[in-house]
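A.B. asks: Sending over entry-v7.txt (compact mmCIF, C-alpha atoms).
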# COMPACT_ATOMS: atom_id res chain seq x y z
CA MET S 913 -1.77 59.17 -163.49
CA SER S 914 -0.92 62.78 -163.89
CA ASN S 915 -4.63 63.68 -163.79
CA GLN S 916 -4.96 62.71 -160.12
CA PRO S 917 -4.77 65.45 -157.46
CA SER S 918 -1.61 65.76 -155.43
CA GLN S 919 -1.46 64.10 -152.02
CA GLY S 920 -1.32 66.84 -149.34
CA PRO S 921 -0.62 70.56 -149.52
CA ASP S 922 2.21 71.94 -151.60
CA TYR S 923 4.26 73.12 -148.59
CA GLN S 924 4.49 69.57 -147.24
CA ARG S 925 5.94 68.28 -150.47
CA SER S 926 8.39 71.10 -150.96
CA GLY S 927 9.64 71.09 -147.33
CA SER S 928 8.94 74.80 -146.75
CA SER S 929 6.18 76.20 -144.54
CA PRO S 930 3.76 79.01 -145.48
CA TRP S 931 4.28 80.45 -141.97
CA PRO S 932 7.72 81.84 -141.19
CA GLY S 933 9.44 80.24 -138.22
CA TYR S 934 7.06 77.26 -138.07
CA GLN S 935 8.59 73.81 -138.14
CA PRO S 936 6.18 70.91 -138.55
CA PRO S 937 6.59 68.16 -135.96
CA ALA S 938 8.93 65.35 -136.85
CA GLN S 939 7.27 62.13 -137.86
CA ASN S 940 8.09 59.27 -135.52
CA GLN S 941 9.11 56.44 -137.80
CA GLY S 942 10.34 54.11 -135.05
CA SER S 943 7.05 53.13 -133.37
CA SER S 944 3.54 52.63 -134.57
CA TYR S 945 0.68 54.85 -133.42
CA GLY S 946 -0.54 54.21 -129.86
CA GLN S 947 2.38 52.02 -128.84
CA PRO S 948 4.87 53.31 -126.26
CA GLN S 949 8.52 53.28 -127.22
CA TYR S 950 10.92 50.99 -125.49
CA GLY S 951 11.72 52.15 -121.93
CA GLN S 952 8.70 54.43 -121.58
CA SER S 953 5.49 53.70 -119.72
CA GLN S 954 2.23 53.89 -121.60
CA TYR S 955 0.67 56.82 -119.69
CA ASN S 956 3.83 58.71 -118.68
CA GLN S 957 3.57 57.49 -115.11
CA GLY S 958 6.54 57.22 -112.85
CA GLN S 959 7.77 53.90 -111.67
CA TYR S 960 6.02 52.49 -108.57
CA ASN S 961 3.82 55.54 -107.96
CA ALA S 962 6.75 57.94 -107.43
CA GLY S 963 5.86 61.61 -107.13
CA GLN S 964 6.36 64.16 -109.84
CA TYR S 965 9.86 65.69 -109.94
CA GLY S 966 11.21 62.92 -107.73
CA GLN S 967 9.48 64.16 -104.56
CA PRO S 968 7.88 61.64 -102.21
CA GLN S 969 4.10 61.67 -101.96
CA TYR S 970 2.44 61.77 -98.56
CA PHE S 971 -1.22 60.93 -98.46
CA GLY S 972 -3.63 62.13 -95.81
CA GLN S 973 -1.82 65.34 -94.93
CA PRO S 974 -3.45 68.76 -95.32
CA TYR S 975 -2.51 70.94 -98.25
CA TYR S 976 0.68 72.98 -97.70
CA GLY S 977 1.55 70.79 -94.72
CA ARG S 978 -0.17 73.01 -92.11
CA ALA S 979 -2.28 71.47 -89.40
CA VAL S 980 -5.96 72.34 -89.47
CA GLU S 981 -6.88 74.59 -86.56
CA LEU S 982 -10.00 73.53 -84.72
CA LYS S 983 -12.69 76.13 -84.11
CA THR S 984 -15.07 74.16 -81.93
CA LEU S 985 -15.16 76.62 -79.02
CA SER S 986 -15.68 79.54 -81.39
CA ILE S 987 -18.53 77.76 -83.14
CA ALA S 988 -20.07 76.81 -79.78
CA SER S 989 -19.85 80.42 -78.61
CA MET S 990 -21.56 81.72 -81.74
CA VAL S 991 -24.28 79.05 -81.61
CA CYS S 992 -24.95 79.79 -77.93
CA GLY S 993 -25.05 83.52 -78.72
CA ILE S 994 -27.65 82.94 -81.44
CA ALA S 995 -29.59 80.63 -79.11
CA SER S 996 -29.56 83.31 -76.41
CA VAL S 997 -31.42 85.65 -78.79
CA ILE S 998 -34.12 83.02 -79.27
CA MET S 999 -34.23 81.40 -75.81
CA GLY S 1000 -32.81 84.21 -73.72
CA TRP S 1001 -35.39 84.03 -70.98
CA LEU S 1002 -33.58 80.94 -69.66
CA LEU S 1003 -30.32 82.92 -69.12
CA LEU S 1004 -28.36 79.69 -69.66
CA PRO S 1005 -27.31 80.30 -73.31
CA GLN S 1006 -25.94 83.74 -72.42
CA PHE S 1007 -23.57 82.34 -69.81
CA ALA S 1008 -22.54 79.50 -72.13
CA ALA S 1009 -21.85 81.98 -74.98
CA ILE S 1010 -19.80 84.24 -72.72
CA ILE S 1011 -17.73 81.44 -71.17
CA THR S 1012 -17.01 79.62 -74.43
CA GLY S 1013 -16.33 82.95 -76.18
CA HIS S 1014 -13.63 83.91 -73.70
CA LEU S 1015 -12.09 80.44 -73.82
CA ALA S 1016 -12.10 80.53 -77.62
CA LEU S 1017 -10.36 83.91 -77.74
CA ARG S 1018 -7.48 82.47 -75.74
CA ARG S 1019 -7.21 79.04 -77.36
CA GLU S 1020 -8.36 79.51 -80.96
CA PRO S 1021 -7.02 82.58 -82.75
CA ALA S 1022 -8.36 81.28 -86.08
CA GLY S 1023 -11.98 81.54 -84.90
CA LYS S 1024 -11.75 85.05 -83.53
CA GLY S 1025 -14.72 86.42 -85.49
CA MET S 1026 -17.11 83.69 -84.37
CA SER S 1027 -16.05 83.94 -80.75
CA ILE S 1028 -16.49 87.73 -80.74
CA THR S 1029 -19.94 87.27 -82.28
CA GLY S 1030 -20.84 84.85 -79.50
CA LEU S 1031 -19.49 87.22 -76.85
CA VAL S 1032 -21.39 90.24 -78.19
CA LEU S 1033 -24.66 88.34 -78.50
CA GLY S 1034 -24.17 86.76 -75.07
CA TYR S 1035 -23.47 90.05 -73.30
CA LEU S 1036 -26.25 91.97 -75.07
CA CYS S 1037 -28.83 89.29 -74.40
CA LEU S 1038 -27.67 88.93 -70.81
CA LEU S 1039 -28.12 92.67 -70.37
CA GLY S 1040 -31.53 92.73 -72.09
CA TYR S 1041 -33.07 89.58 -70.66
CA GLY S 1042 -31.40 90.21 -67.29
CA ALA S 1043 -33.15 93.58 -67.13
CA ILE S 1044 -36.47 91.91 -67.99
CA TRP S 1045 -35.94 89.32 -65.24
CA LEU S 1046 -34.96 92.04 -62.78
CA LEU S 1047 -38.09 94.06 -63.58
CA PHE S 1048 -40.22 90.92 -63.25
CA ILE S 1049 -38.76 90.07 -59.84
CA ILE S 1050 -39.19 93.65 -58.61
CA GLY S 1051 -42.78 93.68 -59.90
CA VAL S 1052 -43.61 90.42 -58.11
CA ALA S 1053 -42.01 91.68 -54.90
CA VAL S 1054 -43.94 94.96 -55.03
CA ALA S 1055 -47.18 93.15 -55.78
CA ALA S 1056 -46.59 90.76 -52.89
CA THR S 1057 -45.98 93.57 -50.43
CA ASN S 1058 -48.93 95.64 -51.62
CA GLY S 1059 -51.28 92.67 -51.74
CA SER S 1060 -50.62 91.63 -48.12
CA ASN S 1061 -51.48 95.10 -46.85
CA THR S 1062 -55.09 94.57 -45.65
CA GLY S 1063 -55.15 97.25 -43.02
CA THR S 1064 -57.62 100.15 -43.07
CA PHE S 1065 -56.73 103.80 -42.80
So, in terms of structure tokens, how does the structure I just supplied come out?
C.D. replies:
Amino acid sequence: MSNQPSQGPDYQRSGSSPWPGYQPPAQNQGSSYGQPQYGQSQYNQGQYNAGQYGQPQYFGQPYYGRAVELKTLSIASMVCGIASVIMGWLLLPQFAAIITGHLALRREPAGKGMSITGLVLGYLCLLGYGAIWLLFIIGVAVAATNGSNTGTF
């Protein structure tokens, strides 16, 4: 039987390691492979769904425990501001963007960027489309006064 190769590397038989400072893991002789030892759960889970490190688990709460701030007025202001660019001739989206933008600045500090966007678009479109409406009304009024003048010189 001396002609058979040795079982395993030489360092395992001699007890020394080829790498300095490396200790091979101890062989667990007490339990067979895949079976948990007595007193331990199979998948390292805590008893009765307890949290890690003994802390209680709360489900359904936001991460870090902070409440989620709503941004509905800010979103409404920005959407109305964008709609005022497209449908500005109605003048309704401008007023909605301006009103909801000012309300959002007071109530929702988290949505400040969206509310400012709605305010800027609302005011600019109110100025632009308001000027167009004003010129249209003046033009109709001038045409009505000049058209009714049928007198001769």
A.B. asks: Might you pull out every residue within 10 Å of region 976-991 of chain S, with all atoms listed in the file counted and same-chain residues fewer than 5 positions away left off, and present them as a JSON list (two decimals) with C-alpha atoms, in the coordinates of the input?
C.D. replies:
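As written to disk, around01.json reads:
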[["chain", "number", "residue", "atom", "x", "y", "z"],
["S", 970, "TYR", "CA", 2.44, 61.77, -98.56],
["S", 996, "SER", "CA", -29.56, 83.31, -76.41],
["S", 1005, "PRO", "CA", -27.31, 80.30, -73.31],
["S", 1006, "GLN", "CA", -25.94, 83.74, -72.42],
["S", 1007, "PHE", "CA", -23.57, 82.34, -69.81],
["S", 1008, "ALA", "CA", -22.54, 79.50, -72.13],
["S", 1009, "ALA", "CA", -21.85, 81.98, -74.98],
["S", 1010, "ILE", "CA", -19.80, 84.24, -72.72],
["S", 1011, "ILE", "CA", -17.73, 81.44, -71.17],
["S", 1012, "THR", "CA", -17.01, 79.62, -74.43],
["S", 1013, "GLY", "CA", -16.33, 82.95, -76.18],
["S", 1014, "HIS", "CA", -13.63, 83.91, -73.70],
["S", 1015, "LEU", "CA", -12.09, 80.44, -73.82],
["S", 1016, "ALA", "CA", -12.10, 80.53, -77.62],
["S", 1017, "LEU", "CA", -10.36, 83.91, -77.74],
["S", 1019, "ARG", "CA", -7.21, 79.04, -77.36],
["S", 1020, "GLU", "CA", -8.36, 79.51, -80.96],
["S", 1021, "PRO", "CA", -7.02, 82.58, -82.75],
["S", 1022, "ALA", "CA", -8.36, 81.28, -86.08],
["S", 1023, "GLY", "CA", -11.98, 81.54, -84.90],
["S", 1024, "LYS", "CA", -11.75, 85.05, -83.53],
["S", 1025, "GLY", "CA", -14.72, 86.42, -85.49],
["S", 1026, "MET", "CA", -17.11, 83.69, -84.37],
["S", 1027, "SER", "CA", -16.05, 83.94, -80.75],
["S", 1028, "ILE", "CA", -16.49, 87.73, -80.74],
["S", 1029, "THR", "CA", -19.94, 87.27, -82.28],
["S", 1030, "GLY", "CA", -20.84, 84.85, -79.50],
["S", 1031, "LEU", "CA", -19.49, 87.22, -76.85],
["S", 1032, "VAL", "CA", -21.39, 90.24, -78.19],
["S", 1033, "LEU", "CA", -24.66, 88.34, -78.50],
["S", 1034, "GLY", "CA", -24.17, 86.76, -75.07]]
A.B. asks: So how far away is CA of Trp1001 (chain S) from CA of Ile1050 (chain S), in Å?
C.D. replies: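 Interatomic distance here is 16.1 Å.
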A.B. asks: Go ahead and compute the interatomic distance for CA of Leu1039 (chain S) and CA of Ala1056 (chain S), in Å to one decimal.
C.D. replies: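 Spanning CA of Leu1039 (chain S) to CA of Ala1056 (chain S) is a straight-line distance of 25.5 Å.
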A.B. asks: Just to confirm, what's the straight-line distance from CA of Leu1038 (chain S) to CA of Thr1057 (chain S) in Å (one decimal)?
C.D. replies: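 If I compute the distance from CA of Leu1038 (chain S) to CA of Thr1057 (chain S), I get 27.8 Å.
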A.B. asks: Taking all atoms of region 992-1000 of chain S that appear in the file, build a box with edges along x, y and z, extend it by 3 Å on every side, and state its centre and edge lengths in Å to one decimal, as AutoDock Vina command-line options.
C.D. replies:
--center_x -29.6 --center_y 82.7 --center_z -77.6 --size_x 15.3 --size_y 11.9 --size_z 13.7
